[in-house]
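J.: work.csv is reproduced below (CSV, C-alpha atoms and all ligand atoms).
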chain,number,residue,atom,x,y,z
A,1,MET,CA,-6.3,1.3,15.6
A,2,THR,CA,-4.6,2.0,12.3
A,3,HIS,CA,-2.0,-0.6,11.4
A,4,LEU,CA,1.4,0.3,9.9
A,5,SER,CA,2.6,-1.8,6.9
A,6,VAL,CA,6.1,-1.0,5.9
A,7,ASN,CA,6.7,-1.0,2.2
A,8,ILE,CA,10.2,-2.4,1.6
A,9,ASN,CA,10.6,-1.6,-2.1
A,10,LYS,CA,13.3,0.9,-1.5
A,11,ILE,CA,15.4,-1.7,0.4
A,12,ALA,CA,15.3,-3.8,-2.7
A,13,THR,CA,16.3,-0.8,-4.8
A,14,LEU,CA,19.4,-0.4,-2.7
A,15,ARG,CA,20.2,-4.1,-2.8
A,16,ASN,CA,19.8,-4.3,-6.5
A,17,SER,CA,22.1,-1.3,-7.1
A,18,ARG,CA,25.2,-3.5,-6.3
A,19,GLY,CA,23.9,-6.9,-7.4
A,20,GLY,CA,24.6,-8.6,-4.1
A,21,ASN,CA,22.4,-9.1,-1.0
A,22,ASN,CA,23.2,-6.0,1.0
A,23,PRO,CA,20.9,-4.9,2.5
A,24,ASP,CA,19.2,-8.3,3.1
A,25,LEU,CA,15.6,-7.8,2.2
A,26,ILE,CA,14.3,-10.7,4.2
A,27,LYS,CA,16.3,-9.7,7.3
A,28,THR,CA,14.9,-6.1,6.9
A,29,ALA,CA,11.4,-7.4,6.7
A,30,LEU,CA,11.9,-9.5,9.9
A,31,ASP,CA,13.4,-6.5,11.6
A,32,CYS,CA,10.5,-4.3,10.6
A,33,GLU,CA,8.2,-6.8,12.3
A,34,ARG,CA,10.4,-7.0,15.3
A,35,PHE,CA,10.4,-3.2,15.6
A,36,GLY,CA,6.6,-3.2,15.7
A,37,ALA,CA,5.3,-2.9,12.1
A,38,GLN,CA,2.0,-4.8,11.8
A,39,GLY,CA,2.6,-5.7,8.1
A,40,ILE,CA,5.0,-5.8,5.2
A,41,THR,CA,4.1,-4.4,1.8
A,42,VAL,CA,5.8,-5.0,-1.5
A,43,HIS,CA,5.0,-3.8,-5.0
A,44,PRO,CA,6.7,-6.0,-7.5
A,45,ARG,CA,6.8,-4.3,-10.9
A,46,PRO,CA,7.2,-6.2,-14.3
A,47,ASP,CA,10.8,-4.8,-14.7
A,48,GLU,CA,11.7,-6.1,-11.2
A,49,ARG,CA,13.6,-2.9,-10.6
A,50,HIS,CA,13.2,-3.3,-6.9
A,51,ILE,CA,11.2,-6.3,-5.6
A,52,ARG,CA,11.9,-9.4,-7.6
A,53,TYR,CA,9.2,-12.0,-8.1
A,54,ASN,CA,11.4,-14.5,-6.2
A,55,ASP,CA,11.6,-12.1,-3.2
A,56,VAL,CA,7.8,-12.5,-2.8
A,57,PHE,CA,8.2,-16.3,-2.3
A,58,GLU,CA,11.0,-15.8,0.2
A,59,LEU,CA,9.1,-13.1,2.1
A,60,LYS,CA,5.9,-15.2,2.2
A,61,LYS,CA,7.9,-18.0,3.9
A,62,ALA,CA,9.6,-15.7,6.4
A,63,ILE,CA,7.2,-13.1,7.7
A,64,ALA,CA,4.6,-13.5,10.4
A,65,THR,CA,2.6,-10.3,10.1
A,66,GLU,CA,0.2,-9.2,7.4
A,67,PHE,CA,1.7,-9.6,3.9
A,68,ASN,CA,0.3,-7.1,1.4
A,69,ILE,CA,1.3,-7.5,-2.3
A,70,GLU,CA,0.5,-4.5,-4.5
A,71,GLY,CA,0.5,-4.5,-8.3
A,72,ASN,CA,-1.2,-4.4,-11.6
A,73,CYS,CA,-3.6,-7.3,-12.0
A,74,THR,CA,-3.8,-6.8,-15.8
A,75,GLU,CA,-0.4,-8.6,-15.8
A,76,GLN,CA,-1.0,-12.3,-15.7
A,77,LYS,CA,2.4,-12.8,-14.2
A,78,PHE,CA,1.3,-10.7,-11.2
A,79,VAL,CA,-2.0,-12.6,-10.8
A,80,ASP,CA,-0.1,-15.9,-10.9
A,81,LEU,CA,2.5,-14.6,-8.3
A,82,VAL,CA,-0.2,-13.6,-5.9
A,83,LEU,CA,-2.2,-16.8,-6.2
A,84,ALA,CA,1.0,-18.8,-5.7
A,85,ASN,CA,1.8,-17.0,-2.5
A,86,LYS,CA,-1.7,-16.3,-1.0
A,87,PRO,CA,-0.8,-13.2,1.0
A,88,ALA,CA,-3.2,-11.8,3.5
A,89,GLN,CA,-4.0,-9.0,1.2
A,90,VAL,CA,-3.6,-8.0,-2.5
A,91,THR,CA,-3.8,-4.3,-3.4
A,92,LEU,CA,-4.7,-3.8,-7.1
A,93,VAL,CA,-3.1,-0.7,-8.6
A,94,PRO,CA,-3.7,0.4,-12.2
A,95,ASP,CA,-0.1,1.3,-13.1
A,96,ALA,CA,1.1,1.5,-16.6
A,97,LEU,CA,4.3,-0.3,-17.6
A,98,GLY,CA,7.5,1.6,-16.8
A,99,GLN,CA,5.7,4.2,-14.5
A,100,ILE,CA,8.2,5.7,-12.1
A,101,THR,CA,5.7,5.2,-9.3
A,102,SER,CA,2.0,4.9,-8.8
A,103,ASN,CA,0.1,8.0,-9.9
A,104,HIS,CA,-3.6,7.3,-10.1
A,105,GLY,CA,-6.4,5.1,-8.7
A,106,TRP,CA,-8.8,2.9,-10.6
A,107,ASP,CA,-11.7,4.3,-12.5
A,108,THR,CA,-14.1,1.9,-10.8
A,109,ILE,CA,-17.0,3.0,-12.9
A,110,LYS,CA,-15.4,2.3,-16.3
A,111,ASN,CA,-13.6,-0.9,-15.0
A,112,LYS,CA,-16.4,-2.3,-12.8
A,113,ALA,CA,-16.9,-5.5,-14.8
A,114,TYR,CA,-13.2,-6.2,-15.1
A,115,LEU,CA,-12.6,-5.5,-11.4
A,116,THR,CA,-15.5,-7.6,-10.3
A,117,ASP,CA,-14.1,-10.6,-12.2
A,118,ILE,CA,-10.5,-10.3,-11.1
A,119,ILE,CA,-11.5,-9.6,-7.5
A,120,LYS,CA,-13.5,-12.8,-7.4
A,121,VAL,CA,-10.4,-14.7,-8.5
A,122,PHE,CA,-8.4,-13.5,-5.5
A,123,LYS,CA,-11.3,-13.8,-3.1
A,124,ASP,CA,-12.0,-17.3,-4.1
A,125,ALA,CA,-8.4,-18.0,-3.2
A,126,GLY,CA,-9.0,-16.7,0.3
A,127,ILE,CA,-7.1,-13.4,-0.3
A,128,ARG,CA,-8.5,-10.1,1.0
A,129,VAL,CA,-8.6,-7.5,-1.8
A,130,SER,CA,-8.1,-3.8,-1.6
A,131,ILE,CA,-8.2,-1.5,-4.7
A,132,PHE,CA,-6.3,1.7,-5.1
A,133,VAL,CA,-8.6,4.7,-5.6
A,134,ASP,CA,-8.5,8.5,-5.8
A,135,PRO,CA,-10.5,10.3,-3.1
A,136,VAL,CA,-13.7,10.6,-5.2
A,137,VAL,CA,-17.0,9.6,-3.7
A,138,GLU,CA,-18.4,8.2,-7.0
A,139,MET,CA,-15.2,6.0,-7.3
A,140,VAL,CA,-15.6,4.7,-3.8
A,141,GLU,CA,-19.3,3.9,-4.3
A,142,ALA,CA,-18.6,2.0,-7.5
A,143,ALA,CA,-15.8,0.2,-5.8
A,144,ALA,CA,-18.3,-1.3,-3.4
A,145,GLU,CA,-20.1,-2.9,-6.3
A,146,THR,CA,-17.0,-4.8,-7.4
A,147,GLY,CA,-16.9,-7.0,-4.3
A,148,THR,CA,-13.6,-5.6,-3.0
A,149,ASP,CA,-13.1,-5.8,0.8
A,150,ARG,CA,-11.2,-2.5,1.1
A,151,ILE,CA,-10.1,0.5,-0.8
A,152,GLU,CA,-6.7,2.1,-0.5
A,153,LEU,CA,-7.0,5.9,-0.7
A,154,TYR,CA,-4.2,7.3,-2.9
A,155,THR,CA,-2.7,10.0,-0.7
A,156,GLU,CA,-0.3,11.8,-3.0
A,157,ALA,CA,-2.6,14.8,-3.4
A,158,TYR,CA,-3.1,15.1,0.3
A,159,ALA,CA,0.6,14.9,1.0
A,160,HIS,CA,1.5,17.5,-1.6
A,161,GLN,CA,-1.1,20.0,-0.4
A,162,TYR,CA,-0.7,19.3,3.3
A,163,HIS,CA,1.8,22.1,4.1
A,164,ALA,CA,0.0,24.8,2.2
A,165,ASP,CA,-3.5,24.0,3.5
A,166,LYS,CA,-4.1,20.9,5.6
A,167,GLU,CA,-7.9,21.4,6.0
A,168,ALA,CA,-8.3,21.7,2.2
A,169,SER,CA,-6.0,18.8,1.6
A,170,ILE,CA,-7.9,16.4,3.8
A,171,ALA,CA,-11.4,17.4,2.8
A,172,PRO,CA,-11.9,15.1,-0.2
A,173,TYR,CA,-10.4,12.2,1.8
A,174,VAL,CA,-12.9,12.7,4.7
A,175,LYS,CA,-15.8,12.6,2.2
A,176,ALA,CA,-14.4,9.5,0.4
A,177,ALA,CA,-13.9,7.8,3.8
A,178,GLU,CA,-17.4,8.6,4.9
A,179,ALA,CA,-18.7,7.1,1.7
A,180,ALA,CA,-16.6,4.0,2.2
A,181,ASN,CA,-17.9,3.6,5.7
A,182,ARG,CA,-21.5,4.1,4.4
A,183,VAL,CA,-21.1,1.3,1.8
A,184,GLY,CA,-19.2,-1.1,4.1
A,185,LEU,CA,-15.7,-0.9,2.6
A,186,GLY,CA,-12.6,-1.1,4.8
A,187,ILE,CA,-10.2,1.8,4.4
A,188,ASN,CA,-6.4,1.7,3.8
A,189,ALA,CA,-4.3,4.6,2.6
A,190,GLY,CA,-0.9,5.2,1.2
A,191,HIS,CA,1.6,7.1,-1.0
A,192,ASP,CA,3.9,9.9,0.2
A,193,LEU,CA,2.7,9.7,3.8
A,194,ASP,CA,5.4,10.8,6.2
A,195,LEU,CA,6.2,11.9,9.7
A,196,HIS,CA,4.7,15.3,9.1
A,197,ASN,CA,1.4,14.5,7.5
A,198,LEU,CA,0.6,11.1,8.9
A,199,LYS,CA,-0.9,12.0,12.3
A,200,TYR,CA,-3.4,14.6,10.9
A,201,PHE,CA,-4.5,12.1,8.2
A,202,ALA,CA,-5.0,9.3,10.7
A,203,GLN,CA,-6.8,11.6,13.2
A,204,ASN,CA,-9.3,12.8,10.5
A,205,ILE,CA,-10.1,9.7,8.5
A,206,PRO,CA,-12.9,7.7,10.2
A,207,GLY,CA,-12.2,4.0,10.2
A,208,LEU,CA,-8.7,4.1,8.8
A,209,LEU,CA,-7.5,0.4,9.1
A,210,GLU,CA,-4.0,0.5,7.6
A,211,VAL,CA,-1.4,2.7,6.1
A,212,SER,CA,1.4,1.4,3.9
A,213,ILE,CA,4.5,3.6,3.9
A,214,GLY,CA,7.8,3.1,2.1
A,215,HIS,CA,9.7,6.0,0.6
A,216,ALA,CA,9.6,8.5,3.4
A,217,LEU,CA,10.0,5.9,6.1
A,218,ILE,CA,13.1,4.4,4.6
A,219,CYS,CA,14.5,7.9,4.0
A,220,ASP,CA,13.9,8.7,7.7
A,221,ALA,CA,15.6,5.5,8.7
A,222,LEU,CA,18.9,6.9,7.2
A,223,TYR,CA,18.9,9.5,9.9
A,224,TYR,CA,17.0,7.9,12.8
A,225,GLY,CA,17.7,4.2,12.3
A,226,LEU,CA,15.0,1.7,11.3
A,227,GLU,CA,13.9,0.8,14.8
A,228,ASN,CA,13.5,4.4,16.0
A,229,THR,CA,11.8,5.3,12.7
A,230,ILE,CA,9.2,2.6,13.0
A,231,GLN,CA,8.5,3.6,16.6
A,232,MET,CA,8.1,7.2,15.5
A,233,TYR,CA,5.6,6.3,12.7
A,234,LEU,CA,3.7,4.0,15.2
A,235,ARG,CA,3.4,7.0,17.6
A,236,GLN,CA,1.8,9.1,14.9
A,237,LEU,CA,-0.9,6.4,14.6
A,238,SER,CA,-1.5,5.8,18.3
A,301,LIG,C1,0.6,1.9,-4.6
A,301,LIG,C2,1.4,3.0,-4.2
A,301,LIG,O1,1.0,4.1,-3.8
A,301,LIG,C3,2.8,3.1,-4.2
A,301,LIG,O2,3.2,2.8,-2.9
A,301,LIG,C4,3.7,2.2,-4.8
A,301,LIG,O3,3.5,0.9,-4.3
A,301,LIG,C5,5.1,2.5,-4.6
A,301,LIG,O4,5.8,1.9,-5.5
A,301,LIG,P1,7.3,2.3,-5.9
A,301,LIG,O5,8.1,2.0,-4.7
A,301,LIG,O6,7.7,1.5,-7.1
A,301,LIG,O7,7.3,3.8,-6.1
A,302,LIG,N1,0.6,1.8,-0.9
A,302,LIG,C1,1.5,2.8,-0.7
A,302,LIG,C2,2.8,2.2,-0.3
A,302,LIG,O1,3.0,1.0,-0.1
A,302,LIG,C3,4.0,3.1,0.0
A,302,LIG,O2,4.0,4.3,-0.7
A,302,LIG,P1,5.2,5.3,-0.5
A,302,LIG,O3,5.2,5.6,1.0
A,302,LIG,O4,6.5,4.6,-0.9
A,302,LIG,O5,4.9,6.6,-1.3
When written as structure tokens, how does the structure in this file appear?

T.:
Amino acid sequence: MTHLSVNINKIATLRNSRGGNNPDLIKTALDCERFGAQGITVHPRPDERHIRYNDVFELKKAIATEFNIEGNCTEQKFVDLVLANKPAQVTLVPDALGQITSNHGWDTIKNKAYLTDIIKVFKDAGIRVSIFVDPVVEMVEAAAETGTDRIELYTEAYAHQYHADKEASIAPYVKAAEAANRVGLGINAGHDLDLHNLKYFAQNIPGLLEVSIGHALICDALYYGLENTIQMYLRQLS
């Protein structure tokens, strides 16, 4: 069964736009859990434009499901934040400063030594590690040599091509997932997954453990409400 982790970055974006505490990020996270989400994802960025570092401490205290913190581990502040909070999972994403959103996975061949060292730091602290990768077999195979527990397949390319040609859009992801299964890596996925493309992805990716979804899910919640929306996403995964 594939778990749904709700990324609540966009709730923080809305909150921050007025400087108060509406919507309440912690309440939203607890409601996502109550409505059936199996995890909560946040991606604090150095400019704190949505999730603030302090939010992470508050969320860690409040939530009961799987807590997944995404971010760039080349920032020492991010490493310290994760180690101080010990989430169930950290997802390492190679974003540049000021990037509008995540737009590429790790080059696990070029960065193998670096990733091996930093992954050990998190694993020694008892935190499961996932690394964000493009759907490229060589990147998946090299990921396995870093000691990571899982990979997160970066699904933007799939999402963008899905409507034009769904078979072509999923093909590299199936190959990457087969490689991950072969080398013993768990598989997560995320970015631009939505109510249209999620079911086909989940049905065709062998061993898909978790999807983290934020932008589209929060947009859908404007129309359907958060509880209905989470139920609709869960149905795509069942
Ligand atoms: C890692 C990834 O694919 C993205 O989900 C990212 O975490 C979203 O971050 P923003 O909400 O800042 O676009
Ligand atoms: N890891 C992907 C994620 O958390 C959410 O991505 P998106 O649904 O906001 O594109």

J.: Could you list, as a VMD selection string, all the residues within 10 Å of ligand LIG 302 (chain A), counting all atoms listed in the file?

T.: chain A and resid 5 to 10 40 to 43 68 to 71 91 to 93 101 to 103 132 152 to 156 159 188 to 194 210 to 219

J.: Please report the interatomic distance between CA of Ala113 (chain A) and atom O2 of ligand LIG 301 (chain A) in Å with one decimal.

T.: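 These two atoms are separated by 24.8 Å.
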
J.: Could you state the separation of CA of Asn197 (chain A) and CA of Tyr162 (chain A) in Å, given to one decimal place?

T.: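 Answer for the CA of Asn197 (chain A) to CA of Tyr162 (chain A) separation: 6.7 Å.
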
J.: As an exercise, work out the distance from CA of Val129 (chain A) to CA of Cys32 (chain A) in Å and give it to one decimal place.

T.: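 Separation between CA of Val129 (chain A) and CA of Cys32 (chain A): 23.0 Å.
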
J.: Need to verify the contact set: region 15-28 of chain A, 9 Å, all atoms listed in the file, exclusion of same-chain residues closer than 3 positions in sequence. Can you return it as a VMD selection string?

T.: chain A and resid 8 10 to 12 31 to 33 49 to 51 55 58 to 59 62 to 63 226

J.: Contacts of Lys166 (chain A) at 12 Å or less, counting only C-alpha atoms, minus same-chain residues fewer than 4 places along, as a list in words?

T.: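 Surrounding residues, per the criterion: Ala157, Tyr158, Ala159, His160, Gln161, Tyr162, Ile170, Ala171, Pro172, Tyr173, His196, Asn197, Leu198, Lys199, Tyr200, Phe201 and Asn204 of chain A.
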
J.: Of the residues A:Pro46, A:Gly207, A:Gly225, A:Gly39, which is the one nearest to ligand LIG 301 (chain A), using only C-alpha atoms and all ligand atoms?

T.: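 The shortest atom-to-atom distance to ligand LIG 301 (chain A) comes from A:Pro46.
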
J.: Ranking A:Thr74, A:Trp106, A:Thr116, A:Asp124 by minimum distance to Lys86 (chain A) and counting all atoms listed in the file, which one comes first?

T.: A:Asp124

J.: Calculated over all atoms listed in the file, which of the candidates A:Ala202, A:Ile230, A:Asp134, A:Lys77 has the smallest distance to Met1 (chain A)?

T.: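 Closest to Met1 (chain A) of all the choices is A:Ala202.
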
J.: Give as a CSV table (one decimal) with C-alpha atoms, keeping the file's coordinate frame every residue, naming chains and numbers as the document does, that has an atom within 12 Å of (2.4, 4.5, 18.0), counting all atoms listed in the file.

T.:
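Result saved to out16.csv:
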chain,number,residue,atom,x,y,z
A,1,MET,CA,-6.3,1.3,15.6
A,2,THR,CA,-4.6,2.0,12.3
A,3,HIS,CA,-2.0,-0.6,11.4
A,4,LEU,CA,1.4,0.3,9.9
A,35,PHE,CA,10.4,-3.2,15.6
A,36,GLY,CA,6.6,-3.2,15.7
A,37,ALA,CA,5.3,-2.9,12.1
A,38,GLN,CA,2.0,-4.8,11.8
A,195,LEU,CA,6.2,11.9,9.7
A,198,LEU,CA,0.6,11.1,8.9
A,199,LYS,CA,-0.9,12.0,12.3
A,202,ALA,CA,-5.0,9.3,10.7
A,228,ASN,CA,13.5,4.4,16.0
A,229,THR,CA,11.8,5.3,12.7
A,230,ILE,CA,9.2,2.6,13.0
A,231,GLN,CA,8.5,3.6,16.6
A,232,MET,CA,8.1,7.2,15.5
A,233,TYR,CA,5.6,6.3,12.7
A,234,LEU,CA,3.7,4.0,15.2
A,235,ARG,CA,3.4,7.0,17.6
A,236,GLN,CA,1.8,9.1,14.9
A,237,LEU,CA,-0.9,6.4,14.6
A,238,SER,CA,-1.5,5.8,18.3

J.: Select, counting all atoms listed in the file, all protein, DNA and RNA residues no farther than 10 Å from (-18.1, 0.4, -6.1) in file coordinates, and express the selection as number ranges by chain.

T.: A: 107-109, 112, 115-116, 137-148, 151, 180, 183, 185

J.: May I ask which of the residues A:Pro206, A:Gly186, A:Pro135, A:Gly105 is the closest one to ligand LIG 301 (chain A), counting all atoms listed in the file?

T.: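 Closest residue, counting all atoms listed in the file: A:Gly105.
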
J.: Tell me which of A:Asn85, A:Asn54, A:Asn72, A:Ser169 sits closest to ligand LIG 301 (chain A), counting all atoms listed in the file.

T.: A:Asn72

J.: Closest to ligand LIG 301 (chain A) among A:Ile205, A:Ile131, A:Cys73, A:Ile118, using only C-alpha atoms and all ligand atoms?

T.: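 Among the listed residues, A:Ile131 lies closest to ligand LIG 301 (chain A).
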